[in-house]
Structures are given as structure tokens and as C-alpha cells.
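So this block is my_file_14.cif, mmCIF, C-alpha atoms:
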```
data_final
loop_
_atom_site.label_atom_id
_atom_site.label_comp_id
_atom_site.auth_asym_id
_atom_site.auth_seq_id
_atom_site.Cartn_x
_atom_site.Cartn_y
_atom_site.Cartn_z
CA MET A 1 12.37 4.82 49.48
CA GLY A 2 14.09 6.96 52.04
CA GLY A 3 12.92 9.71 54.30
CA GLY A 4 13.71 12.46 51.76
CA LYS A 5 14.57 15.95 53.02
CA THR A 6 13.35 15.30 56.54
CA SER A 7 16.08 12.78 57.26
CA GLN A 8 18.70 15.55 56.83
CA GLU A 9 16.73 18.23 58.68
CA LYS A 10 16.92 18.60 62.42
CA CYS A 11 13.93 17.07 64.16
CA ILE A 12 12.89 17.31 67.80
CA LYS A 13 11.33 14.34 69.56
CA VAL A 14 7.80 14.55 70.96
CA ILE A 15 7.68 13.46 74.61
CA ASN A 16 3.98 14.00 75.33
CA VAL A 17 0.76 14.13 73.33
CA ALA A 18 -2.34 15.81 74.77
CA ILE A 19 -5.78 16.52 73.35
CA LEU A 20 -7.39 19.85 74.15
CA PHE A 21 -11.14 19.88 73.67
CA PRO A 22 -12.75 23.29 73.08
CA ILE A 23 -15.55 24.77 75.10
CA THR A 24 -17.78 25.86 72.26
CA ARG A 25 -19.86 28.36 74.23
CA THR A 26 -16.78 30.51 74.75
CA TYR A 27 -16.93 31.62 71.12
CA ALA A 28 -20.70 32.15 70.92
CA HIS A 29 -20.57 35.90 71.52
CA LEU A 30 -17.74 36.58 69.05
CA LEU A 31 -18.57 37.83 65.58
CA LEU A 32 -16.47 35.42 63.56
CA PRO A 33 -16.83 34.00 60.05
CA PRO A 34 -18.65 30.62 60.12
CA GLU A 35 -15.54 28.78 58.84
CA LEU A 36 -13.44 30.09 61.73
CA LYS A 37 -16.15 29.28 64.28
CA GLU A 38 -16.20 25.71 62.94
CA GLN A 39 -12.41 25.37 63.33
CA LEU A 40 -12.54 26.77 66.87
CA ARG A 41 -15.08 24.09 67.81
CA ARG A 42 -12.67 21.29 66.85
CA PRO A 43 -10.09 19.73 69.17
CA VAL A 44 -6.39 20.60 69.26
CA ILE A 45 -3.43 18.23 69.57
CA GLU A 46 -0.65 19.58 71.74
CA LEU A 47 2.76 18.01 71.16
CA ARG A 48 5.27 18.65 73.96
CA LEU A 49 8.82 18.50 72.63
CA GLU A 50 11.92 17.34 74.44
CA ASP A 51 13.39 20.85 74.28
CA GLY A 52 10.46 22.25 76.29
CA ARG A 53 8.53 23.83 73.42
CA ALA A 54 5.07 22.80 72.27
CA LEU A 55 3.40 22.58 68.89
CA ARG A 56 -0.38 22.76 68.68
CA LEU A 57 -2.22 21.35 65.68
CA MET A 58 -5.69 22.83 65.23
CA GLY A 59 -8.91 21.56 63.67
CA ILE A 60 -8.52 17.87 64.52
CA PRO A 61 -11.44 15.58 63.55
CA MET A 62 -13.43 14.70 66.67
CA GLU A 63 -13.22 10.91 66.13
CA ILE A 64 -9.41 11.02 65.81
CA ALA A 65 -9.07 13.32 68.82
CA THR A 66 -11.31 11.06 70.90
CA GLU A 67 -9.33 7.94 69.97
CA ILE A 68 -6.03 9.66 70.81
CA TRP A 69 -7.47 10.97 74.10
CA LEU A 70 -8.62 7.48 75.08
CA MET A 71 -5.13 6.12 74.33
CA VAL A 72 -3.14 8.76 76.21
CA SER A 73 -5.53 8.70 79.18
CA GLY A 74 -5.24 4.92 79.51
CA LYS A 75 -8.94 4.26 78.94
CA PRO A 76 -10.08 1.35 76.75
CA PRO A 77 -10.67 2.66 73.21
CA LYS A 78 -13.80 0.53 72.72
CA PRO A 79 -15.99 -1.91 74.63
CA ALA A 80 -14.24 -5.21 75.44
CA LYS A 81 -16.82 -7.21 73.47
CA ASP A 82 -16.19 -5.25 70.25
CA PHE A 83 -13.57 -7.30 68.38
CA ARG A 84 -13.79 -5.31 65.12
CA LEU A 85 -10.74 -3.41 63.92
CA SER A 86 -10.80 0.31 63.30
CA MET A 87 -8.93 1.62 60.26
CA SER A 88 -5.95 2.59 62.45
CA ASP A 89 -5.97 -0.88 64.06
CA LEU A 90 -5.95 -2.44 60.60
CA VAL A 91 -2.96 -0.39 59.44
CA CYS A 92 -1.04 -1.40 62.58
CA GLU A 93 -1.85 -5.06 61.86
CA LEU A 94 -0.55 -4.81 58.28
CA ALA A 95 2.47 -2.53 58.71
CA LYS A 96 5.11 -1.60 61.23
CA ILE A 97 5.10 2.15 61.85
CA CYS A 98 8.79 3.03 62.33
CA LYS A 99 8.44 6.76 63.03
CA VAL A 100 6.33 9.83 62.29
CA VAL A 101 7.72 13.28 61.47
CA ILE A 102 5.52 16.38 61.30
CA SER A 103 7.61 17.75 58.47
CA ASP A 104 6.01 20.45 56.37
CA VAL A 105 3.18 22.87 55.71
CA ILE A 106 1.16 23.25 52.53
CA PRO A 107 0.89 27.08 52.54
CA GLU A 108 -1.96 27.27 50.01
CA LEU A 109 -4.12 25.05 52.21
CA GLY A 110 -2.80 26.07 55.63
CA VAL A 111 -2.34 22.44 56.67
CA TYR A 112 0.55 20.36 57.98
CA VAL A 113 2.10 17.26 56.45
CA ALA A 114 3.35 14.23 58.37
CA GLU A 115 5.81 11.73 56.94
CA VAL A 116 5.17 8.19 58.16
CA GLU A 117 7.98 5.69 57.79
CA ILE A 118 6.44 2.24 57.45
CA ARG A 119 7.53 -1.29 56.76
CA ASN A 120 5.20 -4.10 55.71
CA ILE A 121 5.13 -6.79 58.39
CA SER A 122 6.14 -9.44 55.83
CA GLU A 123 9.06 -7.44 54.39
CA SER A 124 12.63 -7.21 55.60
CA PRO A 125 13.70 -4.13 57.62
CA GLU A 126 15.29 -2.70 54.46
CA GLY A 127 11.88 -2.50 52.79
CA LYS A 128 10.86 0.78 54.44
CA ARG A 129 8.74 3.42 52.70
CA THR A 130 7.84 6.95 53.66
CA LEU A 131 4.29 8.11 53.02
CA LYS A 132 2.76 11.55 53.50
CA MET A 133 -0.31 11.69 55.75
CA VAL A 134 -2.60 13.98 57.70
CA PRO A 135 -0.67 14.62 60.96
CA SER A 136 -3.49 13.76 63.38
CA HIS A 137 -3.98 10.38 61.71
CA ALA A 138 -0.22 9.77 61.66
CA ILE A 139 0.03 10.63 65.38
CA LEU A 140 -2.75 8.13 66.14
CA LEU A 141 -0.89 5.41 64.21
CA ALA A 142 2.38 6.23 65.99
CA LEU A 143 0.70 6.00 69.39
CA LYS A 144 -0.99 2.69 68.55
CA CYS A 145 2.22 1.18 67.17
CA GLU A 146 4.44 2.73 69.85
CA ALA A 147 6.54 4.58 67.27
CA ASP A 148 8.47 7.79 67.96
CA ILE A 149 7.01 11.12 66.84
CA TYR A 150 9.19 14.05 65.76
CA VAL A 151 8.64 17.65 64.62
CA SER A 152 10.87 19.27 62.02
CA GLU A 153 12.80 22.22 63.48
CA LYS A 154 11.83 24.38 60.48
CA LEU A 155 8.16 24.28 61.54
CA LEU A 156 8.95 25.74 64.95
CA GLY A 157 10.14 28.99 63.36
CA LEU A 158 7.02 29.57 61.24
CA GLY A 159 5.05 31.60 63.81
CA THR A 160 3.46 34.87 62.79
CA LYS A 161 5.35 38.16 63.00
CA GLY A 162 3.43 39.04 66.17
CA GLU A 163 4.41 35.76 67.83
CA LYS A 164 8.08 36.31 66.99
CA GLU A 165 8.02 39.89 68.30
CA ARG A 166 6.24 38.79 71.47
CA SER A 167 8.69 35.96 72.10
CA THR A 168 11.70 38.27 71.72
CA SER A 169 10.22 41.10 73.77
CA GLU A 170 8.97 38.96 76.67
CA GLU A 171 11.34 37.18 78.99
CA THR A 172 9.70 33.77 79.19
CA SER A 173 10.93 30.21 79.18
CA ASP A 174 7.67 28.84 77.82
CA LYS A 175 8.08 28.83 74.04
CA ASP A 176 4.77 27.28 73.03
CA ILE A 177 3.81 27.73 69.42
CA THR A 178 0.23 27.54 68.18
CA TYR A 179 -0.49 27.14 64.48
CA TRP A 180 -3.90 28.09 63.15
#
```

Once more with this new file: its structure as C-alpha cells, please.
Amino acid sequence: MGGGKTSQEKCIKVINVAILFPITRTYAHLLLPPELKEQLRRPVIELRLEDGRALRLMGIPMEIATEIWLMVSGKPPKPAKDFRLSMSDLVCELAKICKVVISDVIPELGVYVAEVEIRNISESPEGKRTLKMVPSHAILLALKCEADIYVSEKLLGLGTKGEKERSTSEETSDKDITYW
């Protein structure tokens, strides 16, 4: 099973992954719907791309964000005496993660899709499959298995009308894009 549409689409390589943890008190005074307040209390993954842009993925589960943060900061992910595998450790033991592509959005749900190209450890290199996953989980697997992460170019043009107008009216080299 091949990579589908994404293999033909232009993708930009991720060169840095950072976790941004919210300061929840900042939003306390705002009159926001409870669902939005909940999302604002969750961490953000910032993906820095090789072309200088950034993609921010919002609403990341705290346990995934913490595990990614421990990895990118060089801290041990768990106490040395704990020999048990986490779910992401288990997947990396059973499969080779070849690459991850943040490839699409499900508009009705407002969520991203990641395509994870995997190969079973026991299979030949030709036995690759591509599975769709939650991006934050796919990013964690890529980091643990030292696989490359990419973002589909089409996602970088999906900003809101206000973001597009602002980016064309302001002379700035920082083309960060935040998706809510």
C-alpha cells in the first residue's frame, strides 16, 4: 500500500518540534464558551519547517505533549527502574516508522490527519503500509523511531481570511501559521 495522494503532493520537512504549554490563568478573565476554554488549556505542538514557516497543532493531550517535551528536551521519559513499555514504545518495537506526513484536515471535525508509513520489523522493505493517525501521536512515534516528519504544502495555505490578509499587508519574514 503506497502513500496515496500525499506522495505526489509537495511536502516540507520539519526541522524542529517544540511543545508550548499554556498558562491557564491567562484565560480566566475571558468570557469564552467552556469548550474553547478547555482547548486553550491544552498544549500546542509547534513544527518548525525547513522553509522557515511554522505549523502549530492545538489541543494536544497532556500525556502526549509531556512525552514529546521530555524527548525533545533530552530528559529521561521515565524513571530508570521502570522497564515497562508505553504504547508508543511498543509500536516502535513492533514496526519501523519510515516517515510521518501531516497531510490533511477533516473539516467537519476541525482536526488534522497524519499519514504514518510503517513497515513491520519482520517484513521486507517492500512491505510498507500507510496508516492514518492522530498527528500528535504520529509525531511522538516519529521522534521515538527517529523518522522524518513532513507537512503537506496544501495545509500551509489553509489559514483564515484574516491571516491571509494580514500576511499580505504586513512586510514580515515570519510566516508562522496557527490552526485552531

Residues of stretch 100-134 of chain A that approach stretch 10-25 of chain A to 10 Å or less, counting all atoms listed in the file: could you list each one with the shortest pair of atoms and its distance in Å to one decimal, rows by chain and increasing residue number, as a Markdown table?
```
| residue | atom | partner | partner_atom | distance |
| --- | --- | --- | --- | --- |
| A:Val100 | CA | A:Lys13 | CA | 9.9 |
| A:Val101 | CA | A:Cys11 | CA | 7.8 |
| A:Ile102 | CA | A:Cys11 | CA | 8.9 |
| A:Ser103 | CA | A:Cys11 | CA | 8.5 |
```

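Shortest separation to A:Cys145 among A:Ala114, A:Lys96, A:Asp104, A:Glu46 occurs at residue A:Lys96, atoms counted being all atoms listed in the file.
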
With all atoms listed in the file as the basis for distance, which of A:Ile45, A:Pro77, A:Ala147, A:Ile106 is at the shortest distance from A:Asp89?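 Closest residue, counting all atoms listed in the file: A:Pro77.
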
Show me the residues close to (-4.0, 14.7, 60.0) - anything with an atom within 8 Å, counting only C-alpha atoms - and format the list as a PyMOL selection string. chain A and resi 60+112-114+133-139

Gap from atom CA of A:Val44 to atom CA of A:Met62 - Å, one decimal: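 Separation of atom CA of A:Val44 and atom CA of A:Met62: 9.5 Å.
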
Do you have the atom CA of A:Leu143-atom CA of A:Ile68 distance handy? 7.8 Å

Here is a test: counting all atoms listed in the file, which residue of A:Leu85, A:Arg129, A:Ile118, A:Lys144 is nearest to A:Trp69? A:Lys144

Please enumerate the residues selected by the PyMOL selection byres ((chain A and resi 38) around 12) when evaluated against the supplied file, formatted as a ChimeraX atom specification. /A:22,24,27-28,32-37,39-43,58-62

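With atom CA of A:Leu140 on one side and atom CA of A:Lys154 on the other, the separation reads 22.6 Å.
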
For A:Ser86, list every protein, DNA or RNA residue within 12 Å, evaluated using only C-alpha atoms, and leave out those in the same chain fewer than 5 positions away; present the list as a list in words. Glu63, Ile64, Glu67, Pro77, Lys78, Val91, Cys92, Glu93, Leu140, Leu141 and Lys144 of chain A
